[in-house]
>>> print(open('final-v6.pdb').read())   # PDB, C-alpha atoms
MODEL        1
ATOM      1  CA  MET V  48      -9.605   1.643  -0.570  1.00  0.00           C
ATOM      2  CA  SER V  49     -13.032   1.212  -2.083  1.00  0.00           C
ATOM      3  CA  ASP V  50     -15.487  -1.565  -1.352  1.00  0.00           C
ATOM      4  CA  HIS V  51     -15.927  -1.842  -5.139  1.00  0.00           C
ATOM      5  CA  ARG V  52     -12.943  -4.039  -5.907  1.00  0.00           C
ATOM      6  CA  PRO V  53     -12.462  -7.433  -7.510  1.00  0.00           C
ATOM      7  CA  ALA V  54     -12.259 -10.451  -5.236  1.00  0.00           C
ATOM      8  CA  GLU V  55      -8.717 -11.258  -4.143  1.00  0.00           C
ATOM      9  CA  ASP V  56      -8.435 -14.372  -6.310  1.00  0.00           C
ATOM     10  CA  THR V  57      -9.625 -12.747  -9.560  1.00  0.00           C
ATOM     11  CA  ARG V  58      -6.837 -10.292 -10.422  1.00  0.00           C
ATOM     12  CA  GLU V  59      -5.778 -12.307 -13.475  1.00  0.00           C
ATOM     13  CA  GLU V  60      -9.386 -12.303 -14.686  1.00  0.00           C
ATOM     14  CA  TYR V  61      -9.415  -8.483 -14.582  1.00  0.00           C
ATOM     15  CA  ALA V  62      -5.879  -7.997 -15.930  1.00  0.00           C
ATOM     16  CA  ASP V  63      -7.071  -7.331 -19.472  1.00  0.00           C
ATOM     17  CA  ALA V  64      -9.539  -4.725 -18.200  1.00  0.00           C
ATOM     18  CA  LEU V  65      -7.011  -2.873 -16.013  1.00  0.00           C
ATOM     19  CA  PRO V  66      -5.442   0.279 -17.363  1.00  0.00           C
ATOM     20  CA  GLU V  67      -1.721  -0.199 -17.961  1.00  0.00           C
ATOM     21  CA  TYR V  68      -0.823   2.333 -15.241  1.00  0.00           C
ATOM     22  CA  ALA V  69      -3.010   0.507 -12.721  1.00  0.00           C
ATOM     23  CA  GLU V  70      -1.316  -2.786 -13.545  1.00  0.00           C
ATOM     24  CA  ARG V  71       2.088  -1.181 -12.969  1.00  0.00           C
ATOM     25  CA  VAL V  72       1.005   0.275  -9.605  1.00  0.00           C
ATOM     26  CA  LEU V  73      -0.318  -3.102  -8.461  1.00  0.00           C
ATOM     27  CA  ASP V  74       2.906  -4.791  -9.547  1.00  0.00           C
ATOM     28  CA  VAL V  75       4.888  -2.416  -7.332  1.00  0.00           C
ATOM     29  CA  ALA V  76       2.541  -3.075  -4.399  1.00  0.00           C
ATOM     30  CA  GLU V  77       3.155  -6.809  -4.800  1.00  0.00           C
ATOM     31  CA  ARG V  78       6.946  -6.288  -4.687  1.00  0.00           C
ATOM     32  CA  ILE V  79       6.938  -4.561  -1.303  1.00  0.00           C
ATOM     33  CA  PRO V  80       8.280  -7.075   1.212  1.00  0.00           C
ATOM     34  CA  PRO V  81       6.216  -8.085   4.248  1.00  0.00           C
ATOM     35  CA  GLY V  82       6.876  -5.733   7.143  1.00  0.00           C
ATOM     36  CA  ARG V  83       7.756  -2.810   4.859  1.00  0.00           C
ATOM     37  CA  VAL V  84       5.733  -0.024   3.222  1.00  0.00           C
ATOM     38  CA  MET V  85       5.938   2.522   0.424  1.00  0.00           C
ATOM     39  CA  THR V  86       3.997   5.774   0.291  1.00  0.00           C
ATOM     40  CA  TYR V  87       1.702   6.646  -2.569  1.00  0.00           C
ATOM     41  CA  GLY V  88       4.319   9.168  -3.661  1.00  0.00           C
ATOM     42  CA  ASP V  89       7.106   6.588  -3.423  1.00  0.00           C
ATOM     43  CA  VAL V  90       5.215   4.306  -5.810  1.00  0.00           C
ATOM     44  CA  ALA V  91       4.666   7.135  -8.296  1.00  0.00           C
ATOM     45  CA  GLU V  92       8.342   8.116  -8.075  1.00  0.00           C
ATOM     46  CA  TRP V  93       9.433   4.500  -8.537  1.00  0.00           C
ATOM     47  CA  LEU V  94       7.265   4.262 -11.661  1.00  0.00           C
ATOM     48  CA  GLU V  95       8.453   7.676 -12.852  1.00  0.00           C
ATOM     49  CA  GLU V  96       4.842   8.453 -13.704  1.00  0.00           C
ATOM     50  CA  GLY V  97       1.801   9.963 -12.003  1.00  0.00           C
ATOM     51  CA  GLY V  98       1.680  11.195  -8.456  1.00  0.00           C
ATOM     52  CA  PRO V  99       0.363  10.221  -5.026  1.00  0.00           C
ATOM     53  CA  ARG V 100      -3.251  10.929  -5.955  1.00  0.00           C
ATOM     54  CA  GLN V 101      -3.101   8.756  -9.054  1.00  0.00           C
ATOM     55  CA  VAL V 102      -1.555   5.897  -7.082  1.00  0.00           C
ATOM     56  CA  GLY V 103      -4.182   6.328  -4.354  1.00  0.00           C
ATOM     57  CA  ARG V 104      -6.941   6.197  -6.925  1.00  0.00           C
ATOM     58  CA  VAL V 105      -5.555   2.984  -8.425  1.00  0.00           C
ATOM     59  CA  MET V 106      -5.305   1.415  -4.969  1.00  0.00           C
ATOM     60  CA  ALA V 107      -8.862   2.491  -4.117  1.00  0.00           C
ATOM     61  CA  LEU V 108     -10.299   1.022  -7.301  1.00  0.00           C
ATOM     62  CA  TYR V 109      -8.154  -2.059  -7.880  1.00  0.00           C
ATOM     63  CA  GLY V 110      -6.013  -2.672  -4.786  1.00  0.00           C
ATOM     64  CA  GLY V 111      -8.005  -5.470  -3.164  1.00  0.00           C
ATOM     65  CA  PRO V 112      -6.076  -8.381  -4.736  1.00  0.00           C
ATOM     66  CA  VAL V 113      -2.638  -7.075  -3.685  1.00  0.00           C
ATOM     67  CA  PRO V 114      -1.144  -6.266  -0.262  1.00  0.00           C
ATOM     68  CA  TRP V 115      -2.855  -2.845  -0.213  1.00  0.00           C
ATOM     69  CA  TRP V 116      -1.814  -2.206   3.401  1.00  0.00           C
ATOM     70  CA  ARG V 117       1.795  -1.816   2.227  1.00  0.00           C
ATOM     71  CA  VAL V 118       1.000   1.328   0.178  1.00  0.00           C
ATOM     72  CA  VAL V 119       0.391   4.073   2.709  1.00  0.00           C
ATOM     73  CA  ARG V 120       0.099   7.743   3.530  1.00  0.00           C
ATOM     74  CA  ALA V 121       3.381   9.572   4.062  1.00  0.00           C
ATOM     75  CA  ASP V 122       2.420  10.579   7.615  1.00  0.00           C
ATOM     76  CA  GLY V 123       2.035   6.938   8.716  1.00  0.00           C
ATOM     77  CA  VAL V 124      -1.639   7.286   9.620  1.00  0.00           C
ATOM     78  CA  LEU V 125      -3.547   4.064   8.989  1.00  0.00           C
ATOM     79  CA  LEU V 126      -6.003   4.032   6.080  1.00  0.00           C
ATOM     80  CA  PRO V 127      -9.310   5.492   7.318  1.00  0.00           C
ATOM     81  CA  GLY V 128     -12.053   2.899   7.362  1.00  0.00           C
ATOM     82  CA  HIS V 129      -9.561   0.041   7.135  1.00  0.00           C
ATOM     83  CA  GLU V 130      -7.453   0.709  10.228  1.00  0.00           C
ATOM     84  CA  LEU V 131      -8.161  -2.540  12.053  1.00  0.00           C
ATOM     85  CA  ARG V 132      -7.666  -4.760   8.998  1.00  0.00           C
ATOM     86  CA  ALA V 133      -4.423  -2.967   8.153  1.00  0.00           C
ATOM     87  CA  LEU V 134      -3.239  -3.100  11.758  1.00  0.00           C
ATOM     88  CA  ALA V 135      -3.776  -6.874  11.848  1.00  0.00           C
ATOM     89  CA  HIS V 136      -1.606  -7.223   8.728  1.00  0.00           C
ATOM     90  CA  TYR V 137       1.102  -4.923  10.146  1.00  0.00           C
ATOM     91  CA  ARG V 138       1.263  -6.852  13.404  1.00  0.00           C
ATOM     92  CA  ALA V 139       1.328 -10.221  11.605  1.00  0.00           C
ATOM     93  CA  GLU V 140       4.164  -9.023   9.337  1.00  0.00           C
ATOM     94  CA  GLY V 141       6.144  -7.255  12.055  1.00  0.00           C
ATOM     95  CA  THR V 142       5.825  -3.833  10.414  1.00  0.00           C
ATOM     96  CA  PRO V 143       7.363  -1.171  12.696  1.00  0.00           C
ATOM     97  CA  LEU V 144       4.678   0.847  14.457  1.00  0.00           C
ATOM     98  CA  ARG V 145       4.661   3.858  16.746  1.00  0.00           C
ATOM     99  CA  GLU V 146       2.225   3.095  19.512  1.00  0.00           C
ATOM    100  CA  ALA V 147      -0.364   5.769  20.175  1.00  0.00           C
ATOM    101  CA  GLY V 148      -0.370   7.716  23.396  1.00  0.00           C
ATOM    102  CA  ARG V 149      -3.411   7.722  25.636  1.00  0.00           C
ATOM    103  CA  SER V 150      -4.343  11.195  24.438  1.00  0.00           C
ATOM    104  CA  THR V 151      -4.404  10.070  20.802  1.00  0.00           C
ATOM    105  CA  GLU V 152      -7.908   9.797  19.391  1.00  0.00           C
ATOM    106  CA  GLY V 153      -8.882   6.160  18.973  1.00  0.00           C
ATOM    107  CA  HIS V 154      -5.558   5.002  20.471  1.00  0.00           C
ATOM    108  CA  LEU V 155      -4.468   3.654  17.077  1.00  0.00           C
ATOM    109  CA  PRO V 156      -0.769   3.412  16.351  1.00  0.00           C
ATOM    110  CA  ARG V 157       0.879   4.944  13.302  1.00  0.00           C
ATOM    111  CA  LEU V 158       3.430   3.354  11.073  1.00  0.00           C
ATOM    112  CA  ASP V 159       7.002   4.115  12.056  1.00  0.00           C
ATOM    113  CA  MET V 160       7.864   5.491   8.628  1.00  0.00           C
ATOM    114  CA  ARG V 161      11.557   5.908   9.399  1.00  0.00           C
ATOM    115  CA  ARG V 162      11.917   2.164   9.985  1.00  0.00           C
ATOM    116  CA  ALA V 163       9.084   0.710   7.858  1.00  0.00           C
ATOM    117  CA  ARG V 164       9.633   2.616   4.615  1.00  0.00           C
ATOM    118  CA  TRP V 165      11.082   0.530   1.790  1.00  0.00           C
ATOM    119  CA  ASP V 166      13.150   2.220  -0.893  1.00  0.00           C
ATOM    120  CA  GLY V 167      12.672  -0.532  -3.457  1.00  0.00           C
ATOM    121  CA  VAL V 168      16.390  -1.301  -3.755  1.00  0.00           C
ATOM    122  CA  ALA V 169      15.909  -5.060  -3.646  1.00  0.00           C
ATOM    123  CA  ARG V 170      13.556  -4.884  -6.614  1.00  0.00           C
ATOM    124  CA  ALA V 171      16.110  -4.165  -9.345  1.00  0.00           C
ATOM    125  CA  GLU V 172      14.876  -7.003 -11.573  1.00  0.00           C
ATOM    126  CA  GLY V 173      11.931  -6.077 -13.727  1.00  0.00           C
ATOM    127  CA  HIS V 174      11.959  -2.323 -12.982  1.00  0.00           C
ATOM    128  CA  THR V 175      10.295  -0.442 -15.822  1.00  0.00           C
TER     129      THR V 175
ENDMDL
END
>>> encode(input="final-v6.pdb", output="structure tokens")
Amino acid sequence: MSDHRPAEDTREEYADALPEYAERVLDVAERIPPGRVMTYGDVAEWLEEGGPRQVGRVMALYGGPVPWWRVVRADGVLLPGHELRALAHYRAEGTPLREAGRSTEGHLPRLDMRRARWDGVARAEGHT
């Protein structure tokens, strides 16, 4: 996620400037329930457009106003450079984590993807 993003309360102000694909990616990110995650690839598959890299690029450029910590890498590794902020959100939301062993560099947990991953089933309304 880039440091060049709109302030969290200005998404509507930038809505006209956002590419249509970016708006769709951000809408999916907002639908992910607290305590659950989707991978970059999951979001692209849900939209039936683009791929993990395109979704990652959208999140890096425009993801600040949405719950960016809920769109993650498929391996469950926390977003480099934002690990502590993301971890605070995961713990506050009760997102399933796999605690790191003592031999793990940095002792940071990973997401428990088997339990945390959301398939989007509860989002049937408004799916495009």
>>> resolve_selection(input="final-v6.pdb", expression="the PyMOL selection byres ((chain V and resi 93) around 12)", output="PyMOL selection string")
chain V and resi 71-72+74-76+78-79+85-92+94-99+102+165-168+170-171+174-175
>>> resolve_selection(input="final-v6.pdb", expression="the PyMOL selection byres ((chain V and resi 121) around 12)", output="PyMOL selection string")
chain V and resi 84-90+99+103+117-120+122-126+157-161+163-164
>>> write_last_selection(input="final-v6.pdb", atoms="C-alpha atoms", output="PDB file, in the coordinates of the input")
ATOM      1  CA  VAL V  84       5.733  -0.024   3.222  1.00  0.00           C
ATOM      2  CA  MET V  85       5.938   2.522   0.424  1.00  0.00           C
ATOM      3  CA  THR V  86       3.997   5.774   0.291  1.00  0.00           C
ATOM      4  CA  TYR V  87       1.702   6.646  -2.569  1.00  0.00           C
ATOM      5  CA  GLY V  88       4.319   9.168  -3.661  1.00  0.00           C
ATOM      6  CA  ASP V  89       7.106   6.588  -3.423  1.00  0.00           C
ATOM      7  CA  VAL V  90       5.215   4.306  -5.810  1.00  0.00           C
ATOM      8  CA  PRO V  99       0.363  10.221  -5.026  1.00  0.00           C
ATOM      9  CA  GLY V 103      -4.182   6.328  -4.354  1.00  0.00           C
ATOM     10  CA  ARG V 117       1.795  -1.816   2.227  1.00  0.00           C
ATOM     11  CA  VAL V 118       1.000   1.328   0.178  1.00  0.00           C
ATOM     12  CA  VAL V 119       0.391   4.073   2.709  1.00  0.00           C
ATOM     13  CA  ARG V 120       0.099   7.743   3.530  1.00  0.00           C
ATOM     14  CA  ASP V 122       2.420  10.579   7.615  1.00  0.00           C
ATOM     15  CA  GLY V 123       2.035   6.938   8.716  1.00  0.00           C
ATOM     16  CA  VAL V 124      -1.639   7.286   9.620  1.00  0.00           C
ATOM     17  CA  LEU V 125      -3.547   4.064   8.989  1.00  0.00           C
ATOM     18  CA  LEU V 126      -6.003   4.032   6.080  1.00  0.00           C
ATOM     19  CA  ARG V 157       0.879   4.944  13.302  1.00  0.00           C
ATOM     20  CA  LEU V 158       3.430   3.354  11.073  1.00  0.00           C
ATOM     21  CA  ASP V 159       7.002   4.115  12.056  1.00  0.00           C
ATOM     22  CA  MET V 160       7.864   5.491   8.628  1.00  0.00           C
ATOM     23  CA  ARG V 161      11.557   5.908   9.399  1.00  0.00           C
ATOM     24  CA  ALA V 163       9.084   0.710   7.858  1.00  0.00           C
ATOM     25  CA  ARG V 164       9.633   2.616   4.615  1.00  0.00           C
TER      26      ARG V 164
END
>>> resolve_selection(input="final-v6.pdb", expression="the PyMOL selection byres ((chain V and resi 105) around 9)", output="PyMOL selection string")
chain V and resi 48+68-70+72-73+100-104+106-110
>>> closest_residue(input="final-v6.pdb", among="V:Leu155, V:Gly82, V:Pro112, V:Ala64", to="V:Arg138", atoms="all atoms listed in the file")
V:Gly82
>>> atom_distance(input="final-v6.pdb", atom1="atom CA of V:Ala139", atom2="atom CA of V:Pro127")
19.5 Å
>>> closest_residue(input="final-v6.pdb", among="V:Gly111, V:Arg162, V:Pro156, V:Gly128", to="V:Pro143", atoms="all atoms listed in the file")
V:Arg162
>>> atom_distance(input="final-v6.pdb", atom1="atom CA of V:Pro80", atom2="atom CA of V:Leu134")
16.1 Å
>>> atom_distance(input="final-v6.pdb", atom1="atom CA of V:His136", atom2="atom CA of V:Pro66")
27.4 Å
>>> axis_aligned_box(input="final-v6.pdb", around="stretch 92-111 of chain V", padding_each_side="6 Å", output="AutoDock Vina command-line options")
--center_x -0.4 --center_y 2.9 --center_z -8.4 --size_x 31.7 --size_y 28.7 --size_z 22.5
>>> closest_residue(input="final-v6.pdb", among="V:Arg83, V:Glu77, V:Trp116, V:Glu67", to="V:Glu130", atoms="all atoms listed in the file")
V:Trp116
>>> decode(input="final-v6.pdb", residues="stretch 93-167 of chain V", atoms="C-alpha atoms", output="PDB file, in the first residue's frame")
ATOM      1  CA  TRP V  93     -14.928 -12.241  -7.836  1.00  0.00           C
ATOM      2  CA  LEU V  94     -14.905  -9.314 -10.276  1.00  0.00           C
ATOM      3  CA  GLU V  95     -14.253 -11.650 -13.209  1.00  0.00           C
ATOM      4  CA  GLU V  96     -11.668  -9.152 -14.412  1.00  0.00           C
ATOM      5  CA  GLY V  97      -7.958  -8.487 -13.954  1.00  0.00           C
ATOM      6  CA  GLY V  98      -5.638 -10.494 -11.784  1.00  0.00           C
ATOM      7  CA  PRO V  99      -3.824 -10.335  -8.449  1.00  0.00           C
ATOM      8  CA  ARG V 100      -1.309  -7.766  -9.673  1.00  0.00           C
ATOM      9  CA  GLN V 101      -4.003  -5.419 -10.932  1.00  0.00           C
ATOM     10  CA  VAL V 102      -5.889  -5.678  -7.641  1.00  0.00           C
ATOM     11  CA  GLY V 103      -2.652  -5.100  -5.714  1.00  0.00           C
ATOM     12  CA  ARG V 104      -1.920  -2.024  -7.774  1.00  0.00           C
ATOM     13  CA  VAL V 105      -5.389  -0.603  -7.107  1.00  0.00           C
ATOM     14  CA  MET V 106      -4.993  -1.247  -3.379  1.00  0.00           C
ATOM     15  CA  ALA V 107      -1.542   0.373  -3.367  1.00  0.00           C
ATOM     16  CA  LEU V 108      -2.764   3.497  -5.129  1.00  0.00           C
ATOM     17  CA  TYR V 109      -6.287   3.933  -3.776  1.00  0.00           C
ATOM     18  CA  GLY V 110      -6.799   1.523  -0.867  1.00  0.00           C
ATOM     19  CA  GLY V 111      -6.351   3.919   2.046  1.00  0.00           C
ATOM     20  CA  PRO V 112     -10.051   4.804   2.488  1.00  0.00           C
ATOM     21  CA  VAL V 113     -11.221   1.165   2.641  1.00  0.00           C
ATOM     22  CA  PRO V 114     -10.319  -1.717   4.981  1.00  0.00           C
ATOM     23  CA  TRP V 115      -7.126  -2.452   3.006  1.00  0.00           C
ATOM     24  CA  TRP V 116      -5.927  -4.987   5.593  1.00  0.00           C
ATOM     25  CA  ARG V 117      -8.702  -7.353   4.469  1.00  0.00           C
ATOM     26  CA  VAL V 118      -7.202  -7.768   0.963  1.00  0.00           C
ATOM     27  CA  VAL V 119      -4.102  -9.887   1.418  1.00  0.00           C
ATOM     28  CA  ARG V 120      -1.415 -12.091  -0.050  1.00  0.00           C
ATOM     29  CA  ALA V 121      -2.397 -15.711  -0.626  1.00  0.00           C
ATOM     30  CA  ASP V 122       0.376 -16.986   1.665  1.00  0.00           C
ATOM     31  CA  GLY V 123      -1.001 -15.065   4.670  1.00  0.00           C
ATOM     32  CA  VAL V 124       2.131 -12.967   5.144  1.00  0.00           C
ATOM     33  CA  LEU V 125       1.308  -9.505   6.471  1.00  0.00           C
ATOM     34  CA  LEU V 126       1.743  -6.573   4.082  1.00  0.00           C
ATOM     35  CA  PRO V 127       5.411  -5.505   4.189  1.00  0.00           C
ATOM     36  CA  GLY V 128       5.821  -2.064   5.687  1.00  0.00           C
ATOM     37  CA  HIS V 129       2.339  -2.144   7.202  1.00  0.00           C
ATOM     38  CA  GLU V 130       2.593  -5.260   9.365  1.00  0.00           C
ATOM     39  CA  LEU V 131       1.977  -3.613  12.726  1.00  0.00           C
ATOM     40  CA  ARG V 132      -0.963  -1.505  11.537  1.00  0.00           C
ATOM     41  CA  ALA V 133      -2.528  -4.536   9.860  1.00  0.00           C
ATOM     42  CA  LEU V 134      -1.881  -6.730  12.891  1.00  0.00           C
ATOM     43  CA  ALA V 135      -3.663  -4.226  15.147  1.00  0.00           C
ATOM     44  CA  HIS V 136      -6.704  -4.368  12.846  1.00  0.00           C
ATOM     45  CA  TYR V 137      -6.635  -8.191  12.707  1.00  0.00           C
ATOM     46  CA  ARG V 138      -6.471  -8.486  16.482  1.00  0.00           C
ATOM     47  CA  ALA V 139      -9.245  -5.906  16.975  1.00  0.00           C
ATOM     48  CA  GLU V 140     -11.483  -7.745  14.481  1.00  0.00           C
ATOM     49  CA  GLY V 141     -10.662 -11.249  15.697  1.00  0.00           C
ATOM     50  CA  THR V 142      -9.155 -12.326  12.368  1.00  0.00           C
ATOM     51  CA  PRO V 143      -7.696 -15.849  12.705  1.00  0.00           C
ATOM     52  CA  LEU V 144      -3.911 -15.754  12.922  1.00  0.00           C
ATOM     53  CA  ARG V 145      -1.169 -18.357  13.037  1.00  0.00           C
ATOM     54  CA  GLU V 146       1.259 -17.250  15.692  1.00  0.00           C
ATOM     55  CA  ALA V 147       4.888 -17.166  14.636  1.00  0.00           C
ATOM     56  CA  GLY V 148       7.403 -19.536  16.126  1.00  0.00           C
ATOM     57  CA  ARG V 149      10.470 -18.225  17.898  1.00  0.00           C
ATOM     58  CA  SER V 150      12.621 -19.062  14.889  1.00  0.00           C
ATOM     59  CA  THR V 151      10.452 -16.949  12.583  1.00  0.00           C
ATOM     60  CA  GLU V 152      12.113 -13.711  11.536  1.00  0.00           C
ATOM     61  CA  GLY V 153      10.496 -10.770  13.293  1.00  0.00           C
ATOM     62  CA  HIS V 154       8.163 -13.096  15.239  1.00  0.00           C
ATOM     63  CA  LEU V 155       5.173 -11.782  13.277  1.00  0.00           C
ATOM     64  CA  PRO V 156       2.161 -14.028  12.887  1.00  0.00           C
ATOM     65  CA  ARG V 157       0.605 -14.894   9.542  1.00  0.00           C
ATOM     66  CA  LEU V 158      -3.040 -14.954   8.692  1.00  0.00           C
ATOM     67  CA  ASP V 159      -4.648 -18.351   9.108  1.00  0.00           C
ATOM     68  CA  MET V 160      -5.914 -18.412   5.533  1.00  0.00           C
ATOM     69  CA  ARG V 161      -7.897 -21.618   5.977  1.00  0.00           C
ATOM     70  CA  ARG V 162     -10.071 -19.972   8.635  1.00  0.00           C
ATOM     71  CA  ALA V 163      -9.866 -16.265   7.703  1.00  0.00           C
ATOM     72  CA  ARG V 164     -10.528 -16.474   3.965  1.00  0.00           C
ATOM     73  CA  TRP V 165     -13.953 -15.221   2.901  1.00  0.00           C
ATOM     74  CA  ASP V 166     -15.551 -16.623  -0.231  1.00  0.00           C
ATOM     75  CA  GLY V 167     -17.917 -13.703  -0.727  1.00  0.00           C
TER      76      GLY V 167
END
